[in-house]
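start.txt follows; it contains compact mmCIF, C-alpha atoms.
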# COMPACT_ATOMS: atom_id res chain seq x y z
CA MET O 1 -77.98 59.13 -19.30
CA LEU O 2 -75.53 56.87 -17.50
CA LEU O 3 -73.04 57.23 -20.33
CA VAL O 4 -73.26 61.04 -20.20
CA VAL O 5 -72.85 61.13 -16.41
CA PHE O 6 -70.01 58.58 -16.52
CA THR O 7 -68.18 60.54 -19.22
CA ILE O 8 -68.51 63.90 -17.42
CA ALA O 9 -67.41 62.39 -14.08
CA LYS O 10 -64.37 60.70 -15.59
CA VAL O 11 -63.27 63.59 -17.84
CA SER O 12 -63.30 65.98 -14.88
CA THR O 13 -61.19 63.69 -12.66
CA ILE O 14 -58.82 61.65 -14.85
CA SER O 15 -55.47 63.39 -15.29
CA SER O 16 -53.68 60.57 -17.13
CA PRO O 17 -52.97 61.07 -20.86
CA PHE O 18 -55.29 59.25 -23.26
CA SER O 19 -54.28 55.69 -24.19
CA LEU O 20 -55.94 52.52 -25.40
CA GLU O 21 -55.34 50.94 -21.99
CA LEU O 22 -57.14 53.82 -20.27
CA LEU O 23 -60.02 53.63 -22.76
CA PHE O 24 -60.34 49.87 -22.24
CA LYS O 25 -60.33 50.22 -18.45
CA GLN O 26 -63.02 52.92 -18.49
CA THR O 27 -65.12 50.93 -20.96
CA VAL O 28 -65.01 47.94 -18.62
CA LEU O 29 -66.02 50.13 -15.67
CA PHE O 30 -68.93 51.55 -17.64
CA GLY O 31 -69.89 47.97 -18.46
CA VAL O 32 -69.96 47.31 -14.71
CA CYS O 33 -72.39 50.24 -14.30
CA LEU O 34 -74.68 48.87 -17.00
CA ALA O 35 -74.43 45.34 -15.59
CA SER O 36 -75.47 46.66 -12.17
CA LEU O 37 -78.49 48.32 -13.74
CA PHE O 38 -79.52 45.20 -15.65
CA VAL O 39 -79.02 42.87 -12.65
CA LEU O 40 -81.22 45.18 -10.56
CA ASP O 41 -83.91 45.24 -13.24
CA PHE O 42 -83.77 41.45 -13.66
CA PHE O 43 -84.22 40.34 -10.06
CA VAL O 44 -86.71 43.09 -9.20
CA SER O 45 -88.93 42.18 -12.17
CA LYS O 46 -88.60 38.44 -11.69
CA ASN O 47 -89.50 38.57 -7.99
CA ASN O 48 -92.27 41.17 -8.35
CA LEU O 49 -90.62 43.67 -6.01
CA THR O 50 -92.25 46.43 -8.06
CA LYS O 51 -95.00 46.52 -10.65
CA ARG O 52 -94.17 46.23 -14.34
CA ASN O 53 -92.59 49.61 -14.97
CA SER O 54 -89.18 51.22 -15.42
CA TYR O 55 -89.13 53.27 -12.23
CA LYS O 56 -86.33 51.22 -10.65
CA ILE O 57 -84.08 51.77 -13.69
CA LEU O 58 -84.90 55.47 -13.77
CA MET O 59 -84.31 55.88 -10.02
CA PHE O 60 -80.98 54.06 -10.08
CA GLY O 61 -79.79 56.14 -13.02
CA LEU O 62 -80.92 59.41 -11.42
CA PHE O 63 -79.26 58.55 -8.10
CA VAL O 64 -75.97 58.04 -9.94
CA ALA O 65 -76.49 61.34 -11.77
CA VAL O 66 -77.23 63.15 -8.49
CA LEU O 67 -74.03 61.81 -6.93
CA PRO O 68 -71.56 61.02 -9.76
CA GLU O 69 -68.76 60.53 -7.19
CA THR O 70 -70.09 56.98 -6.86
CA LEU O 71 -68.55 56.23 -10.27
CA LEU O 72 -65.02 57.25 -9.30
CA ASN O 73 -64.00 54.39 -6.99
CA SER O 74 -63.48 51.32 -9.18
CA LYS O 75 -63.28 48.88 -6.26
CA LEU O 76 -66.59 49.97 -4.75
CA LEU O 77 -68.25 50.02 -8.16
CA ILE O 78 -67.30 46.38 -8.80
CA ALA O 79 -68.05 45.37 -5.20
CA ASN O 80 -71.57 46.79 -5.57
CA LEU O 81 -72.15 44.62 -8.65
CA PHE O 82 -71.13 41.54 -6.63
CA ILE O 83 -73.53 42.57 -3.83
CA LEU O 84 -76.37 42.91 -6.36
CA LEU O 85 -75.62 39.42 -7.67
CA ALA O 86 -75.74 38.12 -4.08
CA LEU O 87 -78.99 39.99 -3.42
CA ARG O 88 -80.47 38.42 -6.53
CA ARG O 89 -79.71 34.92 -5.24
CA LEU O 90 -81.03 35.62 -1.74
CA ILE O 91 -84.32 37.09 -2.91
CA SER O 92 -84.83 34.16 -5.30
CA LEU O 93 -84.91 31.85 -2.23
CA ARG O 94 -88.65 32.57 -2.14
CA SER O 95 -89.09 29.88 -4.81
CA ARG O 96 -87.59 27.24 -2.44
CA LYS O 97 -85.66 25.77 -5.35
CA GLU O 98 -81.90 25.04 -5.30
CA VAL O 99 -81.61 26.49 -1.80
CA LYS O 100 -78.08 25.20 -1.16
CA LYS O 101 -76.78 26.52 -4.47
CA LYS O 102 -78.29 29.95 -3.88
CA LEU O 103 -76.88 30.23 -0.36
CA PHE O 104 -73.45 29.21 -1.63
CA ASP O 105 -73.61 31.71 -4.51
CA ALA O 106 -74.71 34.55 -2.23
CA ALA O 107 -71.83 33.95 0.19
CA PHE O 108 -69.43 33.59 -2.75
CA TRP O 109 -70.42 36.96 -4.29
CA ILE O 110 -70.35 38.79 -0.96
CA SER O 111 -66.91 37.32 -0.25
CA LEU O 112 -65.63 38.60 -3.61
CA ALA O 113 -67.00 42.05 -2.74
CA THR O 114 -65.27 41.85 0.65
CA LEU O 115 -61.92 41.23 -1.04
CA LEU O 116 -62.33 44.60 -2.76
CA PHE O 117 -63.91 46.47 0.16
CA PHE O 118 -63.88 44.97 3.65
CA TRP O 119 -67.09 46.61 4.90
CA ALA O 120 -69.07 44.84 2.21
CA ALA O 121 -68.81 41.92 4.68
CA LEU O 122 -71.71 43.51 6.56
CA PHE O 123 -73.95 42.09 3.85
CA TYR O 124 -73.31 38.62 5.30
CA LEU O 125 -76.11 39.65 7.69
CA LEU O 126 -78.47 39.40 4.70
CA ILE O 127 -77.71 35.69 4.42
CA VAL O 128 -78.61 35.10 8.06
CA MET O 129 -81.78 37.18 7.72
CA ALA O 130 -82.76 35.38 4.50
CA ILE O 131 -82.41 31.98 6.18
CA ILE O 132 -84.59 33.16 9.07
CA LEU O 133 -87.20 34.99 6.97
CA TYR O 134 -87.61 32.15 4.47
CA SER O 135 -87.74 29.60 7.33
CA ILE O 136 -84.92 27.46 5.99
CA ILE O 137 -84.89 25.07 8.93
CA HIS O 138 -82.39 22.38 7.89
CA ILE O 139 -79.31 22.97 10.00
CA LYS O 140 -76.92 21.89 7.23
CA ASN O 141 -78.06 24.86 5.14
CA TRP O 142 -76.48 27.15 7.73
CA PHE O 143 -73.07 25.73 6.89
CA ILE O 144 -73.38 26.19 3.12
CA PRO O 145 -72.53 29.95 3.21
CA ILE O 146 -69.39 29.13 5.20
CA LEU O 147 -68.24 26.90 2.34
CA GLY O 148 -68.81 29.82 -0.05
CA VAL O 149 -66.63 32.08 2.11
CA LEU O 150 -63.89 29.44 2.43
CA SER O 151 -63.88 28.85 -1.32
CA VAL O 152 -63.14 32.52 -2.02
CA ALA O 153 -60.57 32.65 0.80
CA ILE O 154 -58.69 29.62 -0.55
CA ILE O 155 -58.74 30.89 -4.15
CA ALA O 156 -57.61 34.38 -3.07
CA ALA O 157 -54.82 33.02 -0.85
CA SER O 158 -53.61 30.70 -3.63
CA TYR O 159 -53.58 33.56 -6.13
CA MET O 160 -51.61 35.80 -3.78
CA ILE O 161 -49.05 33.04 -3.17
CA ILE O 162 -48.65 32.30 -6.89
CA MET O 163 -48.37 36.00 -7.78
CA ASP O 164 -46.04 36.62 -4.82
CA ILE O 165 -48.31 39.26 -3.30
CA GLU O 166 -47.48 40.08 0.31
CA PHE O 167 -50.38 39.53 2.70
CA GLU O 168 -49.31 42.37 4.99
CA LEU O 169 -49.17 44.81 2.09
CA TYR O 170 -52.62 43.72 0.89
CA LEU O 171 -54.13 43.99 4.37
CA HIS O 172 -52.61 47.40 5.06
CA GLY O 173 -55.55 49.72 5.72
CA PHE O 174 -57.97 46.93 4.78
CA PHE O 175 -59.90 47.12 8.08
CA ASP O 176 -59.82 50.91 8.44
CA VAL O 177 -62.81 52.74 9.90
CA SER O 178 -63.47 56.45 9.55
CA LEU O 179 -66.05 58.53 11.40
CA ASP O 180 -64.60 61.76 10.09
CA PHE O 181 -67.18 63.31 7.73
CA THR O 182 -65.13 66.42 6.99
CA PRO O 183 -64.21 65.21 3.45
CA LEU O 184 -67.94 65.15 2.62
CA ASN O 185 -68.17 68.88 3.27
CA SER O 186 -68.72 69.94 -0.33
CA LYS O 187 -71.81 71.55 -1.88
CA ARG O 188 -72.40 68.73 -4.37
CA ILE O 189 -72.19 65.91 -1.82
CA ILE O 190 -74.21 67.77 0.82
CA ILE O 191 -77.01 68.56 -1.65
CA ALA O 192 -77.04 65.00 -3.03
CA ALA O 193 -76.89 63.29 0.38
CA THR O 194 -79.65 65.51 1.79
CA LEU O 195 -81.92 64.80 -1.17
CA LEU O 196 -81.27 61.05 -1.24
CA LEU O 197 -81.70 60.56 2.51
CA SER O 198 -84.83 62.74 2.56
CA TYR O 199 -86.40 60.84 -0.34
CA GLY O 200 -85.34 57.54 1.22
CA ALA O 201 -86.73 58.30 4.69
CA TRP O 202 -90.06 59.53 3.31
CA ALA O 203 -90.49 56.63 0.88
CA SER O 204 -89.41 54.04 3.50
CA PHE O 205 -92.26 55.12 5.77
CA TYR O 206 -94.82 54.28 3.08
CA TYR O 207 -92.84 51.20 2.01
CA LEU O 208 -93.06 49.72 5.52
CA ARG O 209 -96.69 50.73 5.93
CA ASN O 210 -97.57 49.03 2.65
CA LEU O 211 -95.70 45.86 3.65
CA LYS O 212 -98.76 44.31 5.30
CA HIS O 213 -100.64 44.52 1.99
CA GLN O 214 -98.08 42.31 0.23
CA LEU O 215 -98.60 38.60 -0.23
CA LYS O 216 -97.28 36.64 2.73
CA SER O 217 -94.88 34.73 0.47
CA ASN O 218 -93.45 38.02 -0.86
CA ARG O 219 -92.93 39.84 2.43
CA PRO O 220 -89.49 38.34 3.21
CA SER O 221 -88.16 39.72 -0.08
CA PHE O 222 -89.39 43.22 0.76
CA ILE O 223 -87.91 42.97 4.26
CA ILE O 224 -84.53 41.94 2.79
CA VAL O 225 -84.59 45.10 0.65
CA ILE O 226 -85.13 47.36 3.66
CA ILE O 227 -82.42 45.53 5.63
CA SER O 228 -79.96 45.94 2.75
CA SER O 229 -80.67 49.69 2.75
CA LEU O 230 -79.91 49.86 6.49
CA ILE O 231 -76.65 47.97 5.95
CA ALA O 232 -75.76 50.42 3.17
CA LEU O 233 -76.34 53.32 5.59
CA LEU O 234 -74.08 51.64 8.15
CA ILE O 235 -71.39 51.26 5.49
CA ILE O 236 -71.66 54.99 4.71
CA LEU O 237 -71.04 55.73 8.40
CA VAL O 238 -67.97 53.50 8.92
CA SER O 239 -66.39 53.48 5.45
CA PRO O 240 -62.81 54.80 5.28
CA TYR O 241 -63.77 56.32 1.92
CA LYS O 242 -65.51 59.61 2.59
CA ASP O 243 -65.69 60.96 -0.96
CA GLY O 244 -69.27 60.06 -1.91
CA SER O 245 -68.35 56.74 -3.53
CA GLU O 246 -69.57 54.82 -0.47
CA PHE O 247 -73.20 55.77 -1.30
CA ILE O 248 -73.20 53.33 -4.24
CA PHE O 249 -74.44 50.46 -2.01
CA LEU O 250 -77.54 52.45 -1.12
CA PHE O 251 -78.75 53.08 -4.66
CA ALA O 252 -80.24 49.66 -5.53
CA PRO O 253 -82.39 49.15 -2.40
CA LEU O 254 -83.34 52.84 -2.43
CA ALA O 255 -84.39 52.55 -6.10
CA ILE O 256 -86.72 49.66 -5.16
CA ILE O 257 -88.17 51.55 -2.19
CA MET O 258 -88.70 54.72 -4.23
CA SER O 259 -90.30 52.75 -7.08
CA ASN O 260 -92.80 51.23 -4.68
CA TYR O 261 -93.61 54.68 -3.33
CA LEU O 262 -94.08 56.19 -6.80
CA GLU O 263 -96.48 53.39 -7.67
CA ILE O 264 -98.87 54.25 -4.83
CA ILE O 265 -98.90 58.05 -5.27
CA PRO O 266 -102.36 58.96 -6.65
CA GLU O 267 -101.44 62.54 -7.59
CA ARG O 268 -99.63 62.51 -10.90
CA TRP O 269 -98.27 66.05 -10.45
CA PHE O 270 -96.63 65.11 -7.13
CA LYS O 271 -95.08 61.98 -8.62
CA GLU O 272 -93.63 63.93 -11.54
CA SER O 273 -92.42 66.67 -9.17
CA LEU O 274 -90.34 64.13 -7.23
CA ILE O 275 -88.76 62.83 -10.43
CA LEU O 276 -88.22 66.35 -11.76
CA GLY O 277 -86.50 67.27 -8.49
CA LEU O 278 -83.95 64.50 -9.01
CA ILE O 279 -83.37 65.56 -12.61
CA VAL O 280 -82.84 69.22 -11.68
CA VAL O 281 -80.45 68.37 -8.82
CA SER O 282 -78.48 65.98 -11.04
CA ILE O 283 -78.03 68.70 -13.69
CA VAL O 284 -77.03 71.28 -11.05
CA ASN O 285 -74.56 68.90 -9.41
CA LEU O 286 -72.92 68.04 -12.73
CA MET O 287 -72.40 71.77 -13.30
CA LEU O 288 -70.90 72.47 -9.86

Write-out of the structure in structure tokens:
Amino acid sequence: MLLVVFTIAKVSTISSPFSLELLFKQTVLFGVCLASLFVLDFFVSKNNLTKRNSYKILMFGLFVAVLPETLLNSKLLIANLFILLALRRLISLRSRKEVKKKLFDAAFWISLATLLFFWAALFYLLIVMAIILYSIIHIKNWFIPILGVLSVAIIAASYMIIMDIEFELYLHGFFDVSLDFTPLNSKRIIIAATLLLSYGAWASFYYLRNLKHQLKSNRPSFIIVIISSLIALLIILVSPYKDGSEFIFLFAPLAIIMSNYLEIIPERWFKESLILGLIVVSIVNLML
């Protein structure tokens, strides 16, 4: 399904003539999409964020199909993979093993994402929240993420100096903010955004209500998921990109939230209606 959606989205937007270089680049980007899917499946299954089912994979794939514009911005696509890798390390803190390494890795991945898209830096808040929620009390652990950030900064600065890349040129527009939602005024984006936000709001209500029934040791992980979804919404609001691609950061946490909701729905017909709604909208949007 991802391959079909990716192909349709790219064919309808790429104007460059076919070449091996273009094919290689698009193959790599599709690999990034698949890697994002597999990373999501891995850390969700390993940390018991959902039951043993494929809902999270299905939801992530359907969200992409509903809003294929998320596949068109290469920088945001790669940045989202880095954020998922960071999220994986933060949620795995529940095991209390290799705490310093995990905090360093999380800051490292978020910093790499920030190099591609500045507003990904908002996910640094997840590190702070993870330290608080998992009660990591040793003060020196608070400095580990700073080392991760500095490592990426030093490597990036060294690369730019060696490659003779001008800092001013790189930073031009890097910190831009846009609250102009006029570019989102298209039928496909309006339909997709309305559906995703409606599903998300409804499922989040039950997700939060069901939080008290989770094991005490697992609750911080579920809280981190809901916080990451709120950060993704904030990114959608302030992002200078207003073409639908900024929604990509919302898909992973929303897939987890929706999966949890689908697991507790007793009526099979209602559960299948929700999934069918996503399928129908994705087909309609691809045809628009």

Worksheet item: Got a sec: who's within 9 Å of segment 222-229 of chain O, counting all atoms listed in the file, leaving out chain neighbours fewer than 2 positions off, as a VMD selection string?
Response: chain O and resid 49 87 90 to 91 123 125 to 126 129 to 130 133 204 207 to 208 211 214 218 to 220 231 to 234 249 to 254 256 to 257

Discussion item. Report as a ChimeraX atom specification all protein, DNA and RNA residues lying within 10 Å of Lys75 of chain O, evaluated on all atoms listed in the file, omitting residues in the same chain fewer than 2 positions from it.
Written reply: /O:29,71-73,77-80,113,115-117,245

Item to complete: Quick one: pull the distance between atom CA of Asn285 of chain O and atom CA of Val66 of chain O, Å, one decimal.
Response: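 For atom CA of Asn285 of chain O relative to atom CA of Val66 of chain O, the distance reads 6.4 Å.
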
Fill in: Spatial neighbours of segment 146-154 of chain O, 9 Å, only C-alpha atoms, chain gap at least 6 places, as a PyMOL selection string
chain O and resi 103-112+115

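Between atom CA of Gly244 of chain O and atom CA of Phe24 of chain O the interatomic distance comes to 24.4 Å.
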
Worksheet item: atom CA of Lys10 of chain O and atom CA of Glu272 of chain O are how many Å apart?
Response: 29.7 Å

Please report, as lines of an AutoDock Vina configuration file, the centre and edge lengths in Å to one decimal of an axis-aligned box covering all listed atoms of segment 110-116 of chain O with 8 Å per side.
center_x = -66.1
center_y = 41.0
center_z = -1.5
size_x = 24.4
size_y = 23.3
size_z = 20.3

Practice prompt. Might you pull out every residue within 8 Å of Met258 of chain O, with only C-alpha atoms counted and same-chain residues fewer than 2 positions away left off, and present them as number ranges by chain?
Written response: O: 56, 59, 199-200, 203-204, 254-256, 260-262

Fill in: Nearest-residue call for Ser74 of chain O, choices O:Ser221, O:Asn141, O:Gln26, O:Ser135, using all atoms listed in the file
O:Gln26

Worksheet item: With all atoms listed in the file as the atoms that count, which of O:Thr50, O:Ser16, O:Thr194, O:Asn210 lies nearest to Leu67 of chain O?
Response: O:Thr194

Response to the item:
Among O:Leu40, O:Met1, O:Ala35, O:Val281, Leu195 of chain O is approached most closely, using all atoms listed in the file, by O:Val281

Discussion item. Show me the residues close to (-82.8, 67.5, -7.1) - anything with an atom within 10 Å, counting all atoms listed in the file - and format the list as a ChimeraX atom specification.
Written reply: /O:62-63,65-66,191-192,194-196,273-285

Incomplete segment 56-67 of chain O brought to all heavy atoms, written out as a short mmCIF file (atom, residue, chain, number, x, y, z; two decimals), in the coordinates of the input:
data_model
loop_
_atom_site.label_atom_id
_atom_site.label_comp_id
_atom_site.auth_asym_id
_atom_site.auth_seq_id
_atom_site.Cartn_x
_atom_site.Cartn_y
_atom_site.Cartn_z
N LYS O 56 -87.58 51.59 -11.35
CA LYS O 56 -86.33 51.22 -10.65
C LYS O 56 -85.10 51.56 -11.48
O LYS O 56 -84.07 51.99 -10.96
CB LYS O 56 -86.33 49.74 -10.25
CG LYS O 56 -86.33 48.73 -11.40
CD LYS O 56 -87.72 48.33 -11.79
CE LYS O 56 -87.76 47.19 -12.78
NZ LYS O 56 -89.14 46.92 -13.24
N ILE O 57 -85.20 51.41 -12.81
CA ILE O 57 -84.08 51.77 -13.69
C ILE O 57 -83.87 53.28 -13.67
O ILE O 57 -82.73 53.77 -13.56
CB ILE O 57 -84.34 51.28 -15.13
CG1 ILE O 57 -84.44 49.76 -15.17
CG2 ILE O 57 -83.24 51.77 -16.06
CD1 ILE O 57 -84.78 49.22 -16.54
N LEU O 58 -84.97 54.01 -13.77
CA LEU O 58 -84.90 55.47 -13.77
C LEU O 58 -84.32 55.99 -12.46
O LEU O 58 -83.45 56.86 -12.46
CB LEU O 58 -86.30 56.06 -13.99
CG LEU O 58 -86.41 57.59 -13.93
CD1 LEU O 58 -85.59 58.23 -15.05
CD2 LEU O 58 -87.87 58.02 -14.02
N MET O 59 -84.79 55.43 -11.33
CA MET O 59 -84.31 55.88 -10.02
C MET O 59 -82.82 55.60 -9.85
O MET O 59 -82.07 56.47 -9.40
CB MET O 59 -85.10 55.18 -8.91
CG MET O 59 -86.53 55.66 -8.75
SD MET O 59 -86.65 57.40 -8.24
CE MET O 59 -87.15 58.14 -9.79
N PHE O 60 -82.39 54.41 -10.21
CA PHE O 60 -80.98 54.06 -10.08
C PHE O 60 -80.12 55.01 -10.92
O PHE O 60 -79.09 55.52 -10.45
CB PHE O 60 -80.75 52.61 -10.52
CG PHE O 60 -79.35 52.11 -10.26
CD1 PHE O 60 -79.01 51.54 -9.04
CD2 PHE O 60 -78.36 52.21 -11.23
CE1 PHE O 60 -77.72 51.08 -8.80
CE2 PHE O 60 -77.08 51.77 -11.01
CZ PHE O 60 -76.75 51.19 -9.78
N GLY O 61 -80.54 55.24 -12.15
CA GLY O 61 -79.79 56.14 -13.02
C GLY O 61 -79.74 57.56 -12.49
O GLY O 61 -78.70 58.23 -12.54
N LEU O 62 -80.87 58.05 -11.96
CA LEU O 62 -80.92 59.41 -11.42
C LEU O 62 -80.10 59.54 -10.14
O LEU O 62 -79.48 60.58 -9.90
CB LEU O 62 -82.37 59.82 -11.15
CG LEU O 62 -83.21 60.15 -12.39
CD1 LEU O 62 -84.66 60.43 -12.01
CD2 LEU O 62 -82.62 61.36 -13.14
N PHE O 63 -80.08 58.50 -9.32
CA PHE O 63 -79.26 58.55 -8.10
C PHE O 63 -77.78 58.68 -8.46
O PHE O 63 -77.03 59.43 -7.82
CB PHE O 63 -79.48 57.29 -7.25
CG PHE O 63 -80.86 57.19 -6.66
CD1 PHE O 63 -81.39 55.96 -6.31
CD2 PHE O 63 -81.64 58.33 -6.47
CE1 PHE O 63 -82.66 55.86 -5.76
CE2 PHE O 63 -82.92 58.24 -5.93
CZ PHE O 63 -83.43 57.00 -5.58
N VAL O 64 -77.36 57.94 -9.48
CA VAL O 64 -75.97 58.04 -9.94
C VAL O 64 -75.69 59.44 -10.47
O VAL O 64 -74.63 60.03 -10.22
CB VAL O 64 -75.68 56.99 -11.03
CG1 VAL O 64 -74.29 57.22 -11.64
CG2 VAL O 64 -75.76 55.57 -10.44
N ALA O 65 -76.66 59.99 -11.21
CA ALA O 65 -76.49 61.34 -11.77
C ALA O 65 -76.44 62.40 -10.68
O ALA O 65 -75.70 63.38 -10.78
CB ALA O 65 -77.63 61.64 -12.74
N VAL O 66 -77.23 62.20 -9.61
CA VAL O 66 -77.23 63.15 -8.49
C VAL O 66 -75.91 63.13 -7.76
O VAL O 66 -75.42 64.17 -7.29
CB VAL O 66 -78.40 62.81 -7.53
CG1 VAL O 66 -78.23 63.54 -6.20
CG2 VAL O 66 -79.73 63.18 -8.16
N LEU O 67 -75.30 61.94 -7.65
CA LEU O 67 -74.03 61.81 -6.93
C LEU O 67 -73.01 61.05 -7.80
O LEU O 67 -72.72 59.88 -7.57
CB LEU O 67 -74.25 61.06 -5.61
CG LEU O 67 -73.13 61.11 -4.57
CD1 LEU O 67 -72.79 62.55 -4.19
CD2 LEU O 67 -73.52 60.33 -3.33
#
